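Q: This is final_29.txt (compact mmCIF, C-alpha atoms and all ligand atoms).
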```txt
# COMPACT_ATOMS: atom_id res chain seq x y z
CA ILE A 1 230.49 131.14 39.60
CA LEU A 2 232.47 132.68 42.42
CA ILE A 3 236.00 133.66 41.52
CA ARG A 4 238.45 133.59 44.39
CA GLY A 5 238.95 137.09 45.69
CA ASP A 6 235.46 138.13 44.63
CA GLU A 7 234.19 140.79 46.91
CA MET A 8 231.68 139.13 49.09
CA LEU A 9 229.60 141.86 50.67
CA LYS A 10 228.89 144.76 48.40
CA VAL A 11 226.92 147.78 49.53
CA GLU A 12 226.19 150.12 46.64
CA HIS A 13 224.82 153.63 46.99
CA ILE A 14 222.26 152.86 49.64
CA VAL A 15 219.89 155.58 50.71
CA LYS A 16 217.26 155.21 53.42
CA TYR A 17 214.57 157.66 54.31
CA TYR A 18 212.30 157.40 57.35
CA GLY A 19 209.58 159.79 56.22
CA ASP A 20 211.48 163.00 55.47
CA ASN A 21 214.46 162.01 57.57
CA LYS A 22 217.41 160.75 55.55
CA ALA A 23 219.06 158.17 57.81
CA VAL A 24 221.51 156.76 55.23
CA ASP A 25 222.85 158.98 52.47
CA ASP A 26 224.59 157.32 49.53
CA LEU A 27 226.68 154.76 51.36
CA SER A 28 228.93 152.33 49.47
CA PHE A 29 231.56 149.88 50.68
CA THR A 30 232.77 146.33 50.18
CA VAL A 31 233.91 143.71 52.65
CA LYS A 32 235.94 140.81 51.34
CA ASP A 33 236.29 137.31 52.71
CA GLY A 34 238.14 137.36 56.00
CA GLU A 35 238.08 141.12 56.34
CA ILE A 36 237.06 142.98 59.48
CA PHE A 37 235.22 146.16 58.63
CA GLY A 38 234.31 148.94 61.07
CA LEU A 39 231.12 150.95 60.64
CA LEU A 40 231.60 154.04 62.74
CA GLY A 41 229.67 157.16 63.48
CA ALA A 42 228.20 159.29 66.22
CA ASN A 43 224.86 158.41 67.83
CA GLY A 44 222.13 158.48 65.23
CA ALA A 45 224.58 158.39 62.31
CA GLY A 46 222.80 155.48 60.63
CA LYS A 47 224.78 152.41 61.70
CA THR A 48 221.88 150.30 62.97
CA THR A 49 219.79 151.25 59.95
CA THR A 50 222.62 150.11 57.66
CA PHE A 51 222.95 146.83 59.54
CA ARG A 52 219.22 146.20 59.28
CA ILE A 53 219.34 146.80 55.54
CA ILE A 54 222.26 144.39 55.14
CA MET A 55 220.47 141.76 57.20
CA GLY A 56 217.45 142.08 54.97
CA LEU A 57 215.21 143.29 57.80
CA LEU A 58 214.67 146.69 56.28
CA GLU A 59 214.39 147.78 52.69
CA ALA A 60 216.59 150.59 51.42
CA THR A 61 214.87 153.47 49.67
CA SER A 62 217.40 153.00 46.87
CA GLY A 63 220.70 151.29 46.23
CA LYS A 64 221.55 147.64 46.58
CA VAL A 65 223.28 145.12 48.79
CA THR A 66 224.66 141.83 47.50
CA LEU A 67 226.42 138.91 49.12
CA ASP A 68 228.61 136.98 46.68
CA GLY A 69 226.77 138.68 43.87
CA LYS A 70 223.30 137.72 45.12
CA LYS A 71 220.67 140.06 46.44
CA ILE A 72 219.99 139.57 50.16
CA ASP A 73 216.84 137.50 50.42
CA TYR A 74 215.59 134.64 52.55
CA ASP A 75 218.05 132.27 50.97
CA VAL A 76 221.04 134.44 51.72
CA THR A 77 220.09 135.52 55.25
CA ASP A 78 220.93 132.02 56.42
CA LYS A 79 224.55 132.87 55.74
CA ILE A 80 224.45 135.95 57.94
CA GLY A 81 224.90 135.85 61.69
CA PHE A 82 224.27 138.88 63.84
CA VAL A 83 224.55 140.26 67.31
CA THR A 84 222.36 143.34 67.53
CA GLU A 85 222.02 146.06 70.09
CA GLU A 86 218.58 144.88 71.10
CA ARG A 87 220.14 141.61 72.31
CA SER A 88 217.13 139.75 71.02
CA LEU A 89 217.08 136.68 73.22
CA LEU A 90 214.06 134.65 74.11
CA GLY A 91 214.21 135.05 77.89
CA LYS A 92 212.28 132.05 79.16
CA MET A 93 214.19 129.49 77.12
CA THR A 94 217.26 127.73 78.41
CA VAL A 95 220.56 128.22 76.64
CA LYS A 96 220.24 124.79 75.06
CA GLU A 97 216.68 125.40 73.85
CA GLN A 98 217.57 128.77 72.38
CA ILE A 99 220.62 127.58 70.47
CA LEU A 100 218.75 124.50 69.22
CA PHE A 101 215.99 126.83 68.05
CA TYR A 102 218.37 129.05 66.05
CA GLY A 103 220.48 126.18 64.75
CA THR A 104 217.43 124.28 63.52
CA LEU A 105 216.11 127.42 61.84
CA LYS A 106 219.36 127.56 59.95
CA GLY A 107 218.95 123.97 58.83
CA MET A 108 221.46 122.28 61.13
CA LEU A 109 221.16 118.83 62.66
CA GLU A 110 220.58 118.65 66.41
CA GLU A 111 223.69 116.58 66.96
CA ASP A 112 225.90 119.16 65.23
CA ILE A 113 224.31 122.03 67.07
CA LEU A 114 224.96 120.44 70.46
CA LYS A 115 228.55 119.61 69.57
CA LYS A 116 229.24 123.20 68.56
CA LEU A 117 227.38 124.57 71.57
CA ASP A 118 229.51 122.45 73.86
CA TYR A 119 232.64 123.84 72.23
CA TRP A 120 231.50 127.46 72.61
CA LEU A 121 230.29 127.15 76.21
CA ASN A 122 233.68 125.74 77.12
CA TYR A 123 235.42 128.42 75.13
CA PHE A 124 233.59 131.18 77.01
CA GLN A 125 234.17 129.36 80.30
CA ILE A 126 230.50 128.82 81.06
CA PRO A 127 230.12 125.05 80.48
CA ASP A 128 227.53 124.63 83.23
CA TYR A 129 225.11 127.15 81.68
CA LEU A 130 223.61 124.68 79.22
CA ASN A 131 220.32 124.30 81.07
CA ARG A 132 220.10 127.74 82.63
CA LYS A 133 217.31 130.11 81.63
CA ILE A 134 218.60 132.98 79.53
CA LYS A 135 216.82 135.66 81.55
CA GLU A 136 218.62 134.49 84.68
CA LEU A 137 222.05 135.10 83.16
CA SER A 138 224.05 138.29 83.64
CA LYS A 139 224.07 140.80 80.79
CA GLY A 140 227.59 139.87 79.72
CA ASN A 141 226.75 136.17 79.67
CA GLN A 142 223.57 136.81 77.69
CA GLN A 143 225.75 138.58 75.18
CA LYS A 144 228.01 135.54 74.89
CA ILE A 145 224.94 133.37 74.25
CA GLN A 146 223.80 135.79 71.58
CA PHE A 147 227.21 135.57 69.97
CA ILE A 148 227.02 131.77 70.07
CA SER A 149 223.62 131.81 68.36
CA ALA A 150 225.06 134.09 65.68
CA VAL A 151 228.00 131.83 64.86
CA ILE A 152 226.50 128.39 65.49
CA ASN A 153 226.15 127.67 61.75
CA GLU A 154 229.45 129.30 60.79
CA PRO A 155 227.97 132.18 58.81
CA LYS A 156 229.84 133.76 55.91
CA LEU A 157 229.05 137.22 57.16
CA LEU A 158 228.95 138.21 60.79
CA ILE A 159 227.41 141.50 61.88
CA LEU A 160 228.29 142.74 65.34
CA ASP A 161 226.57 145.86 66.63
CA GLU A 162 228.57 147.08 69.65
CA PRO A 163 229.75 143.57 70.57
CA PHE A 164 232.10 144.60 73.37
CA THR A 165 229.76 146.83 75.34
CA GLY A 166 229.12 145.41 78.77
CA LEU A 167 231.91 142.84 78.70
CA ASP A 168 234.75 142.80 81.21
CA PRO A 169 238.36 142.89 79.89
CA ILE A 170 238.79 139.10 80.09
CA ASN A 171 235.66 138.50 78.08
CA VAL A 172 236.54 141.23 75.60
CA LYS A 173 239.76 139.33 74.97
CA LEU A 174 237.93 135.99 74.62
CA LEU A 175 235.47 137.51 72.18
CA LYS A 176 238.21 139.20 70.14
CA ASP A 177 240.14 135.95 69.85
CA ALA A 178 236.98 134.12 68.78
CA ILE A 179 236.40 136.75 66.10
CA TYR A 180 239.99 136.47 64.86
CA ASP A 181 239.54 132.71 64.55
CA LEU A 182 236.42 133.20 62.45
CA GLN A 183 238.26 135.75 60.34
CA LYS A 184 241.01 133.21 59.64
CA LYS A 185 238.38 130.78 58.43
CA GLY A 186 237.23 133.38 55.91
CA THR A 187 234.21 134.89 57.67
CA SER A 188 233.67 138.54 56.81
CA ILE A 189 232.95 140.65 59.83
CA ILE A 190 231.31 144.06 60.09
CA PHE A 191 231.15 145.67 63.46
CA SER A 192 230.27 148.96 65.05
CA SER A 193 231.74 150.41 68.19
CA HIS A 194 232.04 153.72 69.91
CA GLN A 195 235.28 152.62 71.50
CA MET A 196 237.98 153.68 69.08
CA GLU A 197 240.69 151.62 70.72
CA HIS A 198 238.74 148.46 69.84
CA VAL A 199 238.33 149.63 66.28
CA GLU A 200 241.95 150.61 65.99
CA GLU A 201 243.16 147.25 67.23
CA PHE A 202 240.66 145.33 65.27
CA CYS A 203 239.71 146.50 61.83
CA GLU A 204 241.75 147.05 58.72
CA LYS A 205 239.07 148.90 56.85
CA LEU A 206 236.40 151.31 57.99
CA VAL A 207 233.89 153.99 57.16
CA ILE A 208 232.87 156.92 59.34
CA LEU A 209 229.31 158.16 58.89
CA VAL A 210 228.01 161.61 59.66
CA GLN A 211 224.25 161.89 59.34
CA GLY A 212 224.22 158.79 57.21
CA HIS A 213 226.87 160.03 54.81
CA PRO A 214 230.42 158.64 54.66
CA VAL A 215 232.99 161.30 55.51
CA LEU A 216 236.00 159.02 55.67
CA GLU A 217 236.46 155.60 54.15
CA GLY A 218 239.18 153.08 53.46
CA TYR A 219 242.01 151.14 55.02
CA LEU A 220 243.05 152.33 58.47
CA LYS A 221 246.73 152.51 57.51
CA GLN A 222 245.97 154.66 54.49
CA ILE A 223 243.58 156.86 56.46
CA LYS A 224 246.34 157.60 58.95
CA LYS A 225 248.82 158.28 56.19
CA ASP A 226 246.45 160.66 54.40
CA TYR A 227 245.65 162.48 57.62
CA ARG A 228 249.32 163.54 57.63
CA LYS A 229 249.23 165.16 61.05
CA LYS A 230 251.36 163.57 63.70
CA ASN A 231 252.06 164.05 67.36
CA ILE A 232 255.40 164.50 69.07
CA VAL A 233 255.54 163.63 72.74
CA ILE A 234 258.26 165.49 74.63
CA GLN A 235 259.36 165.21 78.21
CA GLY A 236 261.98 167.34 79.94
CA LYS A 237 262.98 170.92 80.62
CA PHE A 238 262.47 173.27 77.66
CA ASP A 239 260.45 176.29 76.59
CA PRO A 240 257.12 175.17 75.06
CA LYS A 241 256.43 178.74 73.85
CA LYS A 242 259.39 178.50 71.51
CA ILE A 243 257.94 175.35 69.98
CA GLU A 244 254.53 176.93 69.47
CA LYS A 245 256.14 179.47 67.12
CA ILE A 246 257.61 176.90 64.74
CA LYS A 247 255.91 176.78 61.35
CA GLY A 248 253.82 173.62 61.02
CA VAL A 249 253.24 173.28 64.76
CA LEU A 250 249.48 173.25 65.26
CA SER A 251 249.29 173.08 69.03
CA VAL A 252 251.27 172.33 72.15
CA THR A 253 249.40 170.87 75.10
CA LYS A 254 250.54 169.59 78.45
CA GLU A 255 249.29 166.16 79.45
CA HIS A 256 250.51 165.03 82.87
CA ASP A 257 254.29 165.47 82.80
CA GLU A 258 254.55 165.42 79.00
CA TYR A 259 253.97 167.89 76.20
CA VAL A 260 252.06 166.79 73.12
CA VAL A 261 253.00 168.75 70.03
CA LYS A 262 250.63 168.39 67.13
CA ILE A 263 252.32 168.97 63.78
CA SER A 264 250.95 169.37 60.26
CA ASP A 265 253.18 166.65 58.77
CA GLU A 266 256.31 164.64 59.32
CA SER A 267 258.70 167.25 57.90
CA VAL A 268 258.14 169.42 60.97
CA VAL A 269 259.74 166.86 63.29
CA LYS A 270 263.28 167.99 62.52
CA ASP A 271 262.43 171.65 63.04
CA VAL A 272 261.06 170.88 66.48
CA PHE A 273 264.06 168.70 67.25
CA HIS A 274 266.54 171.40 66.25
CA SER A 275 264.79 174.10 68.22
CA PHE A 276 266.15 172.95 71.55
CA SER A 277 269.05 174.90 73.06
CA LYS A 278 272.02 173.72 75.08
CA SER A 279 270.38 174.49 78.39
CA ASP A 280 267.31 172.33 77.62
CA GLU A 281 267.16 168.87 79.14
CA ILE A 282 265.13 166.47 76.99
CA THR A 283 264.40 163.04 78.46
CA LYS A 284 261.87 161.86 75.88
CA PHE A 285 261.15 162.72 72.25
CA VAL A 286 258.84 160.42 70.30
CA THR A 287 256.85 160.90 67.10
CA LEU A 288 253.50 159.11 67.11
CA GLU A 289 250.82 158.37 64.55
CA PRO A 290 247.54 160.12 65.25
CA SER A 291 245.02 157.94 67.05
CA LEU A 292 241.79 156.99 65.33
CA ASN A 293 240.02 158.72 68.19
CA GLU A 294 241.70 161.98 67.21
CA ILE A 295 240.81 161.55 63.54
CA PHE A 296 237.23 160.64 64.41
CA ILE A 297 236.78 163.69 66.63
CA GLU A 298 238.19 165.99 64.00
CA LYS A 299 236.17 164.55 61.11
CA VAL A 300 232.90 164.13 62.96
CA GLY A 301 233.33 167.25 65.11
CA ALA A 302 233.84 169.46 62.06
CA HIS A 303 230.40 168.46 60.83
CA TYR A 304 228.76 169.23 64.15
CA ASP A 305 230.19 172.74 63.97
CA GLU A 306 228.66 173.46 60.58
P1 LIG A 401 223.46 154.79 67.73
O1 LIG A 401 224.97 154.89 67.69
O2 LIG A 401 222.88 155.80 68.65
O3 LIG A 401 222.95 153.41 67.92
P2 LIG A 401 222.95 154.63 64.84
O4 LIG A 401 224.17 155.11 64.11
O5 LIG A 401 222.77 153.18 64.96
O6 LIG A 401 222.92 155.30 66.28
P3 LIG A 401 220.33 154.70 63.59
O7 LIG A 401 219.65 154.01 64.70
O8 LIG A 401 220.55 153.97 62.34
O9 LIG A 401 221.72 155.32 64.10
O10 LIG A 401 219.50 156.02 63.27
C1 LIG A 401 219.75 156.88 62.15
C2 LIG A 401 218.65 157.92 62.04
O11 LIG A 401 217.42 157.29 61.67
C3 LIG A 401 218.37 158.71 63.30
O12 LIG A 401 218.08 160.03 62.93
C4 LIG A 401 217.14 158.02 63.86
O13 LIG A 401 216.37 158.92 64.60
C5 LIG A 401 216.40 157.57 62.62
N1 LIG A 401 215.63 156.31 62.84
C6 LIG A 401 216.15 155.11 63.22
N2 LIG A 401 215.18 154.16 63.26
C7 LIG A 401 214.03 154.77 62.91
C8 LIG A 401 212.67 154.34 62.74
N3 LIG A 401 212.32 153.07 62.95
N4 LIG A 401 211.75 155.26 62.36
C9 LIG A 401 212.12 156.54 62.13
N5 LIG A 401 213.36 157.01 62.24
C10 LIG A 401 214.31 156.16 62.63
```
Taking this structure as input, can you express it in the form of structure tokens?
Ligand code: ATP
A:
Amino acid sequence: ILIRGDEMLKVEHIVKYYGDNKAVDDLSFTVKDGEIFGLLGANGAGKTTTFRIIMGLLEATSGKVTLDGKKIDYDVTDKIGFVTEERSLLGKMTVKEQILFYGTLKGMLEEDILKKLDYWLNYFQIPDYLNRKIKELSKGNQQKIQFISAVINEPKLLILDEPFTGLDPINVKLLKDAIYDLQKKGTSIIFSSHQMEHVEEFCEKLVILVQGHPVLEGYLKQIKKDYRKKNIVIQGKFDPKKIEKIKGVLSVTKEHDEYVVKISDESVVKDVFHSFSKSDEITKFVTLEPSLNEIFIEKVGAHYDE
């Protein structure tokens, strides 16, 4: 029995060795219905390995993965759709043949597959691609077709490995909106990306891996809160050296015509504000949350330095 609100994807203490190389090191997280989860990490951190374990393509050395309480096996993989980095498309097939192939594998009726395909081709503004050979499509359009094959049977869990790479801004927007729609319908989504602005805009919950081990995990809002540091952006005529000396000011850097003052926590804002003298001319003074990019670089960078 599935109780409403039951966690749907549960990854518990997975470890994966390739020979002596530990690619995933005690990773745990959960993704609930309708949640978008970001799996982040530097190159080689273990993201693809984790995805392959979740998809049931690779066996973990230890630990377990369950979807709605069930171990991932042949039965369950039908409920998982994925877009992988390898962009595994069957080149010589036409779009129609390929999607029919995947849809039928997932137990759908031809009529339903074609109806859905028609919807998606229109959605991605490529309605006349139905009978085109996949290998003749541009990279971005191949990616759209791969996305369509992943969602054709409305999976419960959607895995997207770098889904935005290679797409132009218009198509990034189309794909994001499509993903939001699926989220609203209750699909759980896990995705990886090296572009922090996509992650920041997109996911509520995330984990950052360093050499397979989670170094930061949780809800984005909470992560930012716990990080405590903030940035003040100041524009105008003043003495930046004076600001550098204030307790709690970590750094002052000039970016274009603005100064960015990194502070240890919010309480420092007033000290910076009160440090200006009468002769200073301040035209802008804004306190900003740290960006995920900043947090990522600090957390992941610290481990590279070790
Ligand atoms: P990227 O961001 O570069 O795609 P990733 O986070 O997806 O990286 P993985 O591909 O999961 O990282 O690799 C994690 C580690 O496991 C790396 O050290 C890699 O060399 C190793 N690895 C991955 N696949 C294999 C394999 N088939 N055999 C042996 N080692 C592997």
Q: Separation of atom CA of A:Asn141 and atom CA of A:Thr165, in Å?
A: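 If I compute the distance from atom CA of A:Asn141 to atom CA of A:Thr165, I get 11.9 Å.
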Q: A:Tyr119, A:Tyr227, A:Phe191, A:Phe124: which is nearest ligand LIG 401 (chain A), counting all atoms listed in the file?
A: A:Phe191
Q: Per residue of chain A within 7 Å of ligand LIG 401 (chain A), what are the shortest atom pair and its distance in Å to one decimal, counting only C-alpha atoms and all ligand atoms, with rows by chain and residue number, as a Markdown table?
A:
```
| residue | atom | partner | partner_atom | distance |
| --- | --- | --- | --- | --- |
| A:Tyr18 | CA | A:LIG401 | C9 | 4.9 |
| A:Asn21 | CA | A:LIG401 | O12 | 6.8 |
| A:Ala23 | CA | A:LIG401 | C2 | 4.3 |
| A:Gly41 | CA | A:LIG401 | O4 | 5.9 |
| A:Ala42 | CA | A:LIG401 | O1 | 5.7 |
| A:Asn43 | CA | A:LIG401 | O2 | 3.4 |
| A:Gly44 | CA | A:LIG401 | O9 | 3.4 |
| A:Ala45 | CA | A:LIG401 | O4 | 3.8 |
| A:Gly46 | CA | A:LIG401 | O8 | 3.2 |
| A:Lys47 | CA | A:LIG401 | O4 | 3.7 |
| A:Thr48 | CA | A:LIG401 | O5 | 3.6 |
| A:Thr49 | CA | A:LIG401 | O8 | 3.7 |
| A:Thr50 | CA | A:LIG401 | O8 | 6.4 |
| A:Gly212 | CA | A:LIG401 | C1 | 6.9 |
```
Q: For a quick check of your reading of the model, name the residues lying within 9 Å of the coordinate (233.3, 142.0, 68.2), counting only C-alpha atoms, and write them as a PyMOL selection string.
A: chain A and resi 83+159-164+172+175-176+178-179+189-193+198+202
Q: Do you know which residues lie at most 12 Å from (236.1, 154.8, 50.3), with coordinates as in the file and all atoms listed in the file counted, and could you write them as a ChimeraX atom specification?
A: /A:11-13,26-31,205-209,213-220,222-223
Q: Pick out the closest residue to A:Lys32 from this set: A:Gln143, A:Asn122, A:Thr187, A:Ser62. Count all atoms listed in the file.
A: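 Counting all atoms listed in the file, the residue closest to A:Lys32 is A:Thr187.
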Q: Find the residue from A:Gln125, A:Gln142, A:Ser277, A:Gln211 that sits nearest to A:Tyr17; use all atoms listed in the file when measuring.
A: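 Ranked by minimum distance to A:Tyr17, first place goes to A:Gln211.
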Q: Near A:Ile152, counting all atoms listed in the file, which residues have an atom at most 7 Å away, once you skip same-chain residues fewer than 4 positions from it, shown as a list of chain:residue names?
A: A:Gly103, A:Ile113, A:Lys116, A:Ile148
Q: Rounded to one decimal place, report the atom CA of A:Phe82-atom CA of A:Glu154 distance in Å.
A: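 Rounded to one decimal, the two atoms are 11.3 Å apart.
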Q: Give the answer as one residue: which of A:Pro290, A:Gly301, A:Pro169, A:Gly34 has the shortest atom-to-atom distance to A:Leu157, using only C-alpha atoms?
A: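 Closest to A:Leu157, using only C-alpha atoms: A:Gly34.
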Q: Rank nothing, just name the residue among A:Glu110, A:Gln195, A:Lys96, A:Val151 nearest to A:Pro127, using only C-alpha atoms.
A: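 Answer, going by the shortest atom-to-atom distance: A:Lys96.
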Q: Quick one: axis-aligned box around all listed atoms of stretch 230-234 of chain A, 5 Å on every side, centre and edge lengths in Å to one decimal, written as lines of an AutoDock Vina configuration file.
A:
```
center_x = 254.8
center_y = 164.5
center_z = 69.2
size_x = 16.9
size_y = 11.9
size_z = 20.9
```
Q: Can you fill out stretch 108-130 of chain A with N, CA, C and O atoms and hand it back as a PDB file, keeping the file's coordinate frame?
A:
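Output below, filename part16.pdb:
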```pdb
ATOM      1  N   MET A 108     220.436 123.187  60.597  1.00  0.00           N
ATOM      2  CA  MET A 108     221.460 122.280  61.130  1.00  0.00           C
ATOM      3  C   MET A 108     220.822 121.072  61.817  1.00  0.00           C
ATOM      4  O   MET A 108     219.682 121.124  62.266  1.00  0.00           O
ATOM      5  N   LEU A 109     221.610 120.002  61.930  1.00  0.00           N
ATOM      6  CA  LEU A 109     221.160 118.830  62.660  1.00  0.00           C
ATOM      7  C   LEU A 109     221.414 119.016  64.155  1.00  0.00           C
ATOM      8  O   LEU A 109     222.411 119.610  64.550  1.00  0.00           O
ATOM      9  N   GLU A 110     220.494 118.462  64.966  1.00  0.00           N
ATOM     10  CA  GLU A 110     220.580 118.650  66.410  1.00  0.00           C
ATOM     11  C   GLU A 110     221.947 118.227  66.965  1.00  0.00           C
ATOM     12  O   GLU A 110     222.546 118.923  67.790  1.00  0.00           O
ATOM     13  N   GLU A 111     222.422 117.109  66.473  1.00  0.00           N
ATOM     14  CA  GLU A 111     223.690 116.580  66.960  1.00  0.00           C
ATOM     15  C   GLU A 111     224.845 117.583  66.730  1.00  0.00           C
ATOM     16  O   GLU A 111     225.674 117.811  67.609  1.00  0.00           O
ATOM     17  N   ASP A 112     224.853 118.184  65.551  1.00  0.00           N
ATOM     18  CA  ASP A 112     225.900 119.160  65.230  1.00  0.00           C
ATOM     19  C   ASP A 112     225.782 120.422  66.068  1.00  0.00           C
ATOM     20  O   ASP A 112     226.776 121.001  66.505  1.00  0.00           O
ATOM     21  N   ILE A 113     224.543 120.820  66.274  1.00  0.00           N
ATOM     22  CA  ILE A 113     224.310 122.030  67.070  1.00  0.00           C
ATOM     23  C   ILE A 113     224.875 121.820  68.482  1.00  0.00           C
ATOM     24  O   ILE A 113     225.610 122.657  69.009  1.00  0.00           O
ATOM     25  N   LEU A 114     224.533 120.685  69.070  1.00  0.00           N
ATOM     26  CA  LEU A 114     224.960 120.440  70.460  1.00  0.00           C
ATOM     27  C   LEU A 114     226.483 120.308  70.575  1.00  0.00           C
ATOM     28  O   LEU A 114     227.067 120.742  71.562  1.00  0.00           O
ATOM     29  N   LYS A 115     227.090 119.735  69.563  1.00  0.00           N
ATOM     30  CA  LYS A 115     228.550 119.610  69.570  1.00  0.00           C
ATOM     31  C   LYS A 115     229.201 120.998  69.565  1.00  0.00           C
ATOM     32  O   LYS A 115     230.102 121.302  70.333  1.00  0.00           O
ATOM     33  N   LYS A 116     228.698 121.842  68.669  1.00  0.00           N
ATOM     34  CA  LYS A 116     229.240 123.200  68.560  1.00  0.00           C
ATOM     35  C   LYS A 116     228.962 124.001  69.834  1.00  0.00           C
ATOM     36  O   LYS A 116     229.811 124.742  70.321  1.00  0.00           O
ATOM     37  N   LEU A 117     227.754 123.837  70.368  1.00  0.00           N
ATOM     38  CA  LEU A 117     227.380 124.570  71.570  1.00  0.00           C
ATOM     39  C   LEU A 117     228.321 124.203  72.725  1.00  0.00           C
ATOM     40  O   LEU A 117     228.791 125.068  73.469  1.00  0.00           O
ATOM     41  N   ASP A 118     228.606 122.936  72.826  1.00  0.00           N
ATOM     42  CA  ASP A 118     229.510 122.450  73.860  1.00  0.00           C
ATOM     43  C   ASP A 118     230.882 123.124  73.719  1.00  0.00           C
ATOM     44  O   ASP A 118     231.471 123.605  74.686  1.00  0.00           O
ATOM     45  N   TYR A 119     231.354 123.191  72.480  1.00  0.00           N
ATOM     46  CA  TYR A 119     232.640 123.840  72.230  1.00  0.00           C
ATOM     47  C   TYR A 119     232.612 125.295  72.697  1.00  0.00           C
ATOM     48  O   TYR A 119     233.488 125.765  73.427  1.00  0.00           O
ATOM     49  N   TRP A 120     231.566 126.031  72.296  1.00  0.00           N
ATOM     50  CA  TRP A 120     231.500 127.460  72.610  1.00  0.00           C
ATOM     51  C   TRP A 120     231.310 127.743  74.098  1.00  0.00           C
ATOM     52  O   TRP A 120     231.876 128.686  74.634  1.00  0.00           O
ATOM     53  N   LEU A 121     230.493 126.915  74.763  1.00  0.00           N
ATOM     54  CA  LEU A 121     230.290 127.150  76.210  1.00  0.00           C
ATOM     55  C   LEU A 121     231.607 126.940  76.956  1.00  0.00           C
ATOM     56  O   LEU A 121     231.941 127.693  77.871  1.00  0.00           O
ATOM     57  N   ASN A 122     232.364 125.944  76.521  1.00  0.00           N
ATOM     58  CA  ASN A 122     233.680 125.740  77.120  1.00  0.00           C
ATOM     59  C   ASN A 122     234.606 126.896  76.802  1.00  0.00           C
ATOM     60  O   ASN A 122     235.342 127.371  77.668  1.00  0.00           O
ATOM     61  N   TYR A 123     234.551 127.329  75.551  1.00  0.00           N
ATOM     62  CA  TYR A 123     235.420 128.420  75.130  1.00  0.00           C
ATOM     63  C   TYR A 123     235.187 129.674  75.987  1.00  0.00           C
ATOM     64  O   TYR A 123     236.112 130.321  76.428  1.00  0.00           O
ATOM     65  N   PHE A 124     233.915 129.984  76.218  1.00  0.00           N
ATOM     66  CA  PHE A 124     233.590 131.180  77.010  1.00  0.00           C
ATOM     67  C   PHE A 124     233.565 130.894  78.519  1.00  0.00           C
ATOM     68  O   PHE A 124     233.119 131.712  79.303  1.00  0.00           O
ATOM     69  N   GLN A 125     234.031 129.740  78.886  1.00  0.00           N
ATOM     70  CA  GLN A 125     234.170 129.360  80.300  1.00  0.00           C
ATOM     71  C   GLN A 125     232.858 129.394  81.060  1.00  0.00           C
ATOM     72  O   GLN A 125     232.798 129.797  82.223  1.00  0.00           O
ATOM     73  N   ILE A 126     231.802 128.946  80.382  1.00  0.00           N
ATOM     74  CA  ILE A 126     230.500 128.820  81.060  1.00  0.00           C
ATOM     75  C   ILE A 126     229.865 127.458  80.728  1.00  0.00           C
ATOM     76  O   ILE A 126     228.690 127.386  80.354  1.00  0.00           O
ATOM     77  N   PRO A 127     230.626 126.360  80.905  1.00  0.00           N
ATOM     78  CA  PRO A 127     230.120 125.050  80.480  1.00  0.00           C
ATOM     79  C   PRO A 127     228.857 124.600  81.231  1.00  0.00           C
ATOM     80  O   PRO A 127     228.045 123.859  80.683  1.00  0.00           O
ATOM     81  N   ASP A 128     228.686 125.091  82.456  1.00  0.00           N
ATOM     82  CA  ASP A 128     227.530 124.630  83.230  1.00  0.00           C
ATOM     83  C   ASP A 128     226.271 125.477  82.987  1.00  0.00           C
ATOM     84  O   ASP A 128     225.301 125.375  83.728  1.00  0.00           O
ATOM     85  N   TYR A 129     226.281 126.301  81.942  1.00  0.00           N
ATOM     86  CA  TYR A 129     225.110 127.150  81.680  1.00  0.00           C
ATOM     87  C   TYR A 129     224.124 126.524  80.694  1.00  0.00           C
ATOM     88  O   TYR A 129     223.112 127.122  80.359  1.00  0.00           O
ATOM     89  N   LEU A 130     224.410 125.328  80.254  1.00  0.00           N
ATOM     90  CA  LEU A 130     223.610 124.680  79.220  1.00  0.00           C
ATOM     91  C   LEU A 130     222.107 124.708  79.511  1.00  0.00           C
ATOM     92  O   LEU A 130     221.287 125.017  78.653  1.00  0.00           O
TER      93      LEU A 130
END
```
